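Report on the structure given below.
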Amino acid sequence: MKDAGEVQKYNGKRPKPSLDPSMDYLINAEKRTGLMCRRKVFDVSFDNDAADSDHLDCNTEQPSGCERCCLTQPTICCDIHHPNYFTLYTSHVTKPTTMLPRSHISKYEKTANDFTFQDALDEWREQKVVEVYGWYHLNDLGPTIVMPNAMLDRIVDCVHHQKIQNTIDLKKETGWTDVESVGEEVVALIKKYSPLPCSAPFATTPLRPISTTSFGGPVTISQSLAPVPATVERWRNRCSACGLEGHNGTLLHLFCCFCHTDLF
């Protein structure tokens, strides 16, 4: 047991939330084979079967004792055995849809285009505050009532890495609740300042063959888009004694001169 003055060390891990077994049985009573009753959970948890009743001592004049103190069995058990009596307490809250995980943005150096887009997005949210709430809200509360600063920075980072191309991407990367209303305006701003790089018009379409006429008849020349690698001539040794390639004259000076010199 730890002393009162001992300080517990923080290990950096968040403690996992634990659910009390009684609460677990109460919530999942219909899934427990040996339970199948929510009232039974209360009887077991509070040990109701062991409770003594003193209704006979409270009213000795009646043979059945005191009607107020007497423990009676309820006619309505729980929502599992009598579901029609509990429809009023049914929850109609729909579960939120699971959001897709947002992209991981690596560190980068902002370019001039990034700062230009950031200023344009900041100016847009200021105009949107004036348009929706009025100039006095912009003066008092600032533009963050439309788009927080952290969300603006997130959009700029994602646009730099080409992660946002439509409102679905904008919702996924930011979780912005106003995407349905003004998301198209932000996407239009993104496409204006950070358009997608245009691919080459003939990147995948081959060119038509060109027919030319020569002295021997028509000749068809097929143009290929794939670049033809230039033939790189491999460097070869040259003998300093005889001037021929393929060997050097450091150790074979006498042999080279004997082989490549006309002695007769």
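We name chains A, B, ... following the order of the structure tokens; residues begin at 1 in each chain, and ligands are numbered from 1 as shown.
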Do you know which residues are at most 9 Å from His161 in chain A counting only C-alpha atoms, after dropping those on the same chain fewer than 3 positions away, and could you put them as a ChimeraX atom specification?
/A:105-106,156-158,164
Let's have the selection written as a PDB file, in the first residue's frame, with C-alpha atoms.
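Okay, selection01.pdb is ready:
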ATOM      1  CA  ILE A 105       1.145  15.221 -43.218  1.00  0.00           C
ATOM      2  CA  SER A 106       4.923  15.201 -43.149  1.00  0.00           C
ATOM      3  CA  VAL A 156      -3.089  24.723 -45.976  1.00  0.00           C
ATOM      4  CA  ASP A 157      -0.971  21.678 -45.090  1.00  0.00           C
ATOM      5  CA  CYS A 158      -3.273  19.288 -46.942  1.00  0.00           C
ATOM      6  CA  ILE A 164      -8.026  17.940 -50.807  1.00  0.00           C
TER       7      ILE A 164
END
Those of range 43-215 of chain A in DSSP alpha helix (DSSP H), formatted as a PyMOL selection string:
chain A and resi 43-45+55-58+112-132+135-140+149-160+167-174+179-193
I need the residues in range 57-232 of chain A that are strand (DSSP E) according to DSSP; give them as a ChimeraX atom specification.
/A:210-214,217-221
Produce a file of the selected residues containing all heavy atoms, as a PDB file, in the first residue's frame.
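For reference, part_28.pdb as written:
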ATOM      1  N   ILE A 210       4.074   8.056 -89.181  1.00  0.00           N
ATOM      2  CA  ILE A 210       4.256   9.022 -90.253  1.00  0.00           C
ATOM      3  C   ILE A 210       4.796   8.294 -91.473  1.00  0.00           C
ATOM      4  O   ILE A 210       5.797   7.576 -91.390  1.00  0.00           O
ATOM      5  CB  ILE A 210       5.213  10.145 -89.822  1.00  0.00           C
ATOM      6  CG1 ILE A 210       4.642  10.851 -88.584  1.00  0.00           C
ATOM      7  CG2 ILE A 210       5.451  11.129 -90.954  1.00  0.00           C
ATOM      8  CD1 ILE A 210       5.567  11.896 -88.020  1.00  0.00           C
ATOM      9  N   SER A 211       4.115   8.458 -92.581  1.00  0.00           N
ATOM     10  CA  SER A 211       4.532   7.811 -93.826  1.00  0.00           C
ATOM     11  C   SER A 211       5.305   8.809 -94.669  1.00  0.00           C
ATOM     12  O   SER A 211       4.827   9.932 -94.921  1.00  0.00           O
ATOM     13  CB  SER A 211       3.315   7.301 -94.613  1.00  0.00           C
ATOM     14  OG  SER A 211       2.613   6.342 -93.845  1.00  0.00           O
ATOM     15  N   THR A 212       6.486   8.422 -95.089  1.00  0.00           N
ATOM     16  CA  THR A 212       7.307   9.241 -95.975  1.00  0.00           C
ATOM     17  C   THR A 212       7.649   8.456 -97.229  1.00  0.00           C
ATOM     18  O   THR A 212       7.557   7.218 -97.256  1.00  0.00           O
ATOM     19  CB  THR A 212       8.604   9.668 -95.261  1.00  0.00           C
ATOM     20  OG1 THR A 212       9.325   8.500 -94.894  1.00  0.00           O
ATOM     21  CG2 THR A 212       8.299  10.496 -94.021  1.00  0.00           C
ATOM     22  N   THR A 213       8.023   9.160 -98.233  1.00  0.00           N
ATOM     23  CA  THR A 213       8.334   8.528 -99.520  1.00  0.00           C
ATOM     24  C   THR A 213       9.823   8.647 -99.778  1.00  0.00           C
ATOM     25  O   THR A 213      10.398   9.735 -99.668  1.00  0.00           O
ATOM     26  CB  THR A 213       7.558   9.201-100.652  1.00  0.00           C
ATOM     27  OG1 THR A 213       6.178   9.147-100.351  1.00  0.00           O
ATOM     28  CG2 THR A 213       7.830   8.484-101.980  1.00  0.00           C
ATOM     29  N   SER A 214      10.444   7.541-100.089  1.00  0.00           N
ATOM     30  CA  SER A 214      11.853   7.513-100.419  1.00  0.00           C
ATOM     31  C   SER A 214      12.020   6.977-101.837  1.00  0.00           C
ATOM     32  O   SER A 214      11.048   6.656-102.525  1.00  0.00           O
ATOM     33  CB  SER A 214      12.632   6.668 -99.407  1.00  0.00           C
ATOM     34  OG  SER A 214      12.204   5.326 -99.473  1.00  0.00           O
ATOM     35  N   GLY A 217      10.426   3.521-102.297  1.00  0.00           N
ATOM     36  CA  GLY A 217       9.013   3.350-102.015  1.00  0.00           C
ATOM     37  C   GLY A 217       8.643   3.988-100.691  1.00  0.00           C
ATOM     38  O   GLY A 217       9.486   4.585-100.002  1.00  0.00           O
ATOM     39  N   PRO A 218       7.366   3.904-100.317  1.00  0.00           N
ATOM     40  CA  PRO A 218       6.927   4.517 -99.058  1.00  0.00           C
ATOM     41  C   PRO A 218       7.530   3.814 -97.847  1.00  0.00           C
ATOM     42  O   PRO A 218       7.619   2.589 -97.805  1.00  0.00           O
ATOM     43  CB  PRO A 218       5.408   4.349 -99.091  1.00  0.00           C
ATOM     44  CG  PRO A 218       5.174   3.187 -99.998  1.00  0.00           C
ATOM     45  CD  PRO A 218       6.265   3.230-101.028  1.00  0.00           C
ATOM     46  N   VAL A 219       7.942   4.602 -96.903  1.00  0.00           N
ATOM     47  CA  VAL A 219       8.539   4.080 -95.677  1.00  0.00           C
ATOM     48  C   VAL A 219       7.725   4.594 -94.502  1.00  0.00           C
ATOM     49  O   VAL A 219       7.451   5.810 -94.413  1.00  0.00           O
ATOM     50  CB  VAL A 219      10.012   4.512 -95.529  1.00  0.00           C
ATOM     51  CG1 VAL A 219      10.588   3.987 -94.218  1.00  0.00           C
ATOM     52  CG2 VAL A 219      10.822   4.016 -96.717  1.00  0.00           C
ATOM     53  N   THR A 220       7.301   3.712 -93.599  1.00  0.00           N
ATOM     54  CA  THR A 220       6.519   4.073 -92.421  1.00  0.00           C
ATOM     55  C   THR A 220       7.430   4.212 -91.224  1.00  0.00           C
ATOM     56  O   THR A 220       8.165   3.277 -90.895  1.00  0.00           O
ATOM     57  CB  THR A 220       5.438   3.024 -92.124  1.00  0.00           C
ATOM     58  OG1 THR A 220       4.595   2.900 -93.268  1.00  0.00           O
ATOM     59  CG2 THR A 220       4.621   3.429 -90.909  1.00  0.00           C
ATOM     60  N   ILE A 221       7.382   5.378 -90.607  1.00  0.00           N
ATOM     61  CA  ILE A 221       8.195   5.655 -89.431  1.00  0.00           C
ATOM     62  C   ILE A 221       7.279   5.703 -88.219  1.00  0.00           C
ATOM     63  O   ILE A 221       6.339   6.493 -88.174  1.00  0.00           O
ATOM     64  CB  ILE A 221       8.952   6.992 -89.568  1.00  0.00           C
ATOM     65  CG1 ILE A 221       9.823   6.961 -90.829  1.00  0.00           C
ATOM     66  CG2 ILE A 221       9.791   7.267 -88.339  1.00  0.00           C
ATOM     67  CD1 ILE A 221      10.502   8.270 -91.109  1.00  0.00           C
TER      68      ILE A 221
END
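Residues lying within 12 Å of Glu180 in chain A, counting only C-alpha atoms and ignoring same-chain neighbours fewer than 4 positions away, are Asn166, Thr167, Ile168, Leu170, Lys171, Gly175, Trp176, Glu184, Glu185, Val186 and Val187 of chain A.
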With C-alpha atoms kept, could you save the residues just selected as a CSV table (one decimal), in the first residue's frame?
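Result written to selection.csv:
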chain,number,residue,atom,x,y,z
A,166,ASN,CA,-13.5,17.9,-53.2
A,167,THR,CA,-15.8,18.4,-50.3
A,168,ILE,CA,-15.5,14.7,-49.3
A,170,LEU,CA,-12.3,18.4,-47.0
A,171,LYS,CA,-14.7,16.6,-44.6
A,175,GLY,CA,-14.0,17.1,-39.8
A,176,TRP,CA,-15.5,20.6,-40.5
A,184,GLU,CA,-17.8,24.2,-52.2
A,185,GLU,CA,-16.5,27.7,-51.8
A,186,VAL,CA,-13.3,26.5,-50.1
A,187,VAL,CA,-12.8,23.8,-52.7
Can you pull out every residue within 7 Å of Glu173 in chain A, counting only C-alpha atoms, but drop anything in the same chain fewer than 4 positions away, and send it as a VMD selection string?
chain A and resid 102 to 103 169
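Excluding Gln127 in chain A itself and any same-chain residue fewer than 3 positions from it, the protein and nucleic acid residues within 12 Å of it, counting only C-alpha atoms, are A:Ala120, A:Leu121, A:Asp122, A:Glu123, A:Trp124, A:Val130, A:Glu131, A:Val132, A:Tyr133, A:Gly134, A:Trp135, A:His137, A:Leu138, A:Asn139, A:Gly142, A:Pro143, A:Thr144, A:Ile145, A:Val146, A:Met147.
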Length of the CA of His104 in chain A to CA of Leu152 in chain A vector [Å]
16.2 Å
